[in-house]
Each structure stands twice: as structure tokens, then as C-alpha cells.
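A short write-up of the structure that comes next.
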Amino acid sequence: MSVPPIQVAIAPVTPLQQNCTIVWCTKTMNGAIIDPGGEVDRLLAGLEKYGVTLEKILITHAHMDHAGAAAEIAERTGVPIEGPHPDDQFWIDRIESSGKQYGIPEARSFTPDRWLHDGDKVTLGDTEFEVVHCPGHTPGHVVFFHREARFAQVGDVLFKGSIGRTDFPHGNYNDLIEAISTKLWPLGEDVSFVPGHGPMSTFGYERKTNPFVSDLALESNQPGPAADLAERFS
Ligand SMILES: [Zn+2]
Ligand SMILES: [Zn+2]
């Protein structure tokens with residue numbers, strides 16, 4: 001049996017139970033932390049537990065539950081921060097104030113070492129991820145896609161049975177639906193994804209069942225029950 005090119009461990013962090021992941025290249029054991037919202041000591045202990053050498057920090061979007069601990073990890077380990085897309089700068093500027101508002105007072109702002117754009121490649125050890133810009137939840141939101149492993153980390157673009165909130169400043173419902181249907185669906189129904197919150201799913205399962213973006217929902221062109229999502233900060 002061949003060894004998969006990457007492995008992933010999910011570590012929900014912060015009171016918002018954001019799905020931070022540690023992902024690594026199985027050949028080199030070089031890893032990335034995607035979306036470190038908080039709980040730095042626990043994440044660093046996770047690297048040690050799996051024998052992973054941290055190479056970089058990756059950010060899907062600049063909400064504080066996803067990015068609030070990037071600065072501290074970069075400072076403590078010396079690794080670079082890649083992402084999000086530059087259109088999320090205004091969210092980076094708000095990390096500290098929104099952290100206080102949502103019970104993550106230690107959340108800190110940061111400066112990415114590399115901004116990401118649609119079609120960019122992010123290397124990790126001997127392997128690489130493709131960057132897909134998916135605006136709508138935030139304008140600078142990116143998704144990390146590993147083609148060979150059929151894996152994506154989608155942040156708050158898509159959830160099992162739901163989609164990201166679009167009622168924040170610069171959020172846009174139509175942009176989000178378009179990004180999901182024209183940029184994520186073509187990657188393949190067999191792609192498994194880690195969403196920003198809640199359980200994993202596959203693009204194929206969501207195309208069948210998701211009330212917002214199933215093939216049926218998109219055909220009938222009815223906006224889904226978006227108000228349901230207003231309960232939490234995702
Ligand atoms: Zn979130
Ligand atoms: Zn978010």
C-alpha cells in the first residue's frame with residue numbers, strides 16, 4: 001500500500017471550536033498549522049506528538065478564531081505566515097477588537113509574510129497545495145486544496161449542511177454561492193473537506209444534501225435559510 005502524501009490532525013480551538021488543523025507531508029514530516037485561532041501550547045504539543053517539524057502557518061481568512069494565534073506561533077517558532085488574500089486586510093486590523101468581543105482576548109493582529117491569490121501554490125515539504133480564492137464570507141477568504149490527496153481545508157466557506165455567514169461587513173451571499181459552485185464543485189465530488197467548524201464532509205455529499213448549495217437548490221435558484229446562521233460567529 002502506498003503512503004498518502006499528507007496527513008491531517010484536527011484540533012478544535014477557541015470557545016468557537018474552530019477546526020484548526022495540523023497537516024504534514026508524510027515524506028519529509030514537515031508540517032503546517034492551518035488557521036491557528038488560539039491554544040498555542042496545545043498546538044505546539046500536537047506537532048511534537050506527531051513528530052512534525054513546523055514549516056509554515058497557513059490562514060484561510062482573517063477572523064480572529066482562525067488567525068488570532070498566528071502572530072504568537074510565528075514569534076515563538078520563527079516560521080512564516082502565508083495567507084489570506086489581501087482583501088482581508090481590514091479583518092486583520094479588527095482581530096484584536098473582535099477577539100475581545102467574542103471571548104478571545106489574547107487574539108492578535110499579524111502581518112502575512114506572503115499574501116495568497118487564486119491559483120497560487122503553497123509548498124509543504126515535498127508536496128503542495130493549490131490556493132482557491134473564495135470570497136463571500138470574507139472578501140479575502142482562500143481555500144487550500146491538495147489535488148492528489150483529494151483534500152481541502154475550506155474555512156468558513158462551506159460546512160456540512162450549511163455555508164458561511166455573509167452578513168458581516170463586505171460579506172456577499174452571491175459571491176459565496178458563486179465561489180462554491182464554480183470553484184469548489186469542479187474540484188470533484190470525491191474531495192473531503194475540513195470546514196471551519198463542525199464535522200467533515202465531501203463536496204459530493206453537499207451537492208446532494210446541502211440546503212444552500214445542493215444541485216437542486218441551485219437549479220431552483222432559491223436562496224437558502226440564511227438567517228439560521230446568525231446565531232454564531234463562524
Ligand atoms: Zn470561523
Ligand atoms: Zn469566519
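Following the order of the C-alpha cells, first chain is A, next is B, and so on, with residues numbered from 1 inside each chain and ligands from 1 in the order they appear.
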
So which bits of segment 140-191 of chain A end up helix (DSSP H, G or I) when you DSSP the backbone, as a PyMOL selection string? chain A and resi 173-187

Skip Ile92 of chain A itself and residues of its chain fewer than 4 positions away, then list as an mmCIF file with C-alpha atoms, in the first residue's frame all residues within 7 Å of it, counting only C-alpha atoms.
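Result written to result_4.cif:
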data_model
loop_
_atom_site.group_PDB
_atom_site.id
_atom_site.type_symbol
_atom_site.label_atom_id
_atom_site.label_comp_id
_atom_site.auth_asym_id
_atom_site.auth_seq_id
_atom_site.Cartn_x
_atom_site.Cartn_y
_atom_site.Cartn_z
ATOM 1 C CA ALA A 62 -8.582 36.730 8.995
ATOM 2 C CA ASP A 88 -8.880 40.509 4.218
ATOM 3 C CA SER A 109 -3.142 41.014 14.647
ATOM 4 C CA PHE A 110 -0.364 39.876 12.274
#

Students should find that atom CA of Pro86 of chain A and atom CA of Trp115 of chain A are spaced 6.0 Å

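Closest to ligand 2 among A:Leu16, A:Ala152, A:Ile180, A:Val40 is A:Leu16, based on only C-alpha atoms and all ligand atoms.
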
Quick one: distance from atom CA of Thr127 of chain A to atom CA of Phe151 of chain A in Å, one decimal? 12.9 Å

Around ligand 1, at most 8 Å away and counting only C-alpha atoms and all ligand atoms, which residues are there? Put them as a count of residues only, please. 11

Grab me every residue within 12 Å of ligand 2, counting only C-alpha atoms and all ligand atoms, and send it over as a count of residues only. 51

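If you measure from each of A:Glu189, A:Asp118, A:Glu39, A:Glu219 to Arg207 of chain A using only C-alpha atoms, the closest one turns out to be A:Glu189.
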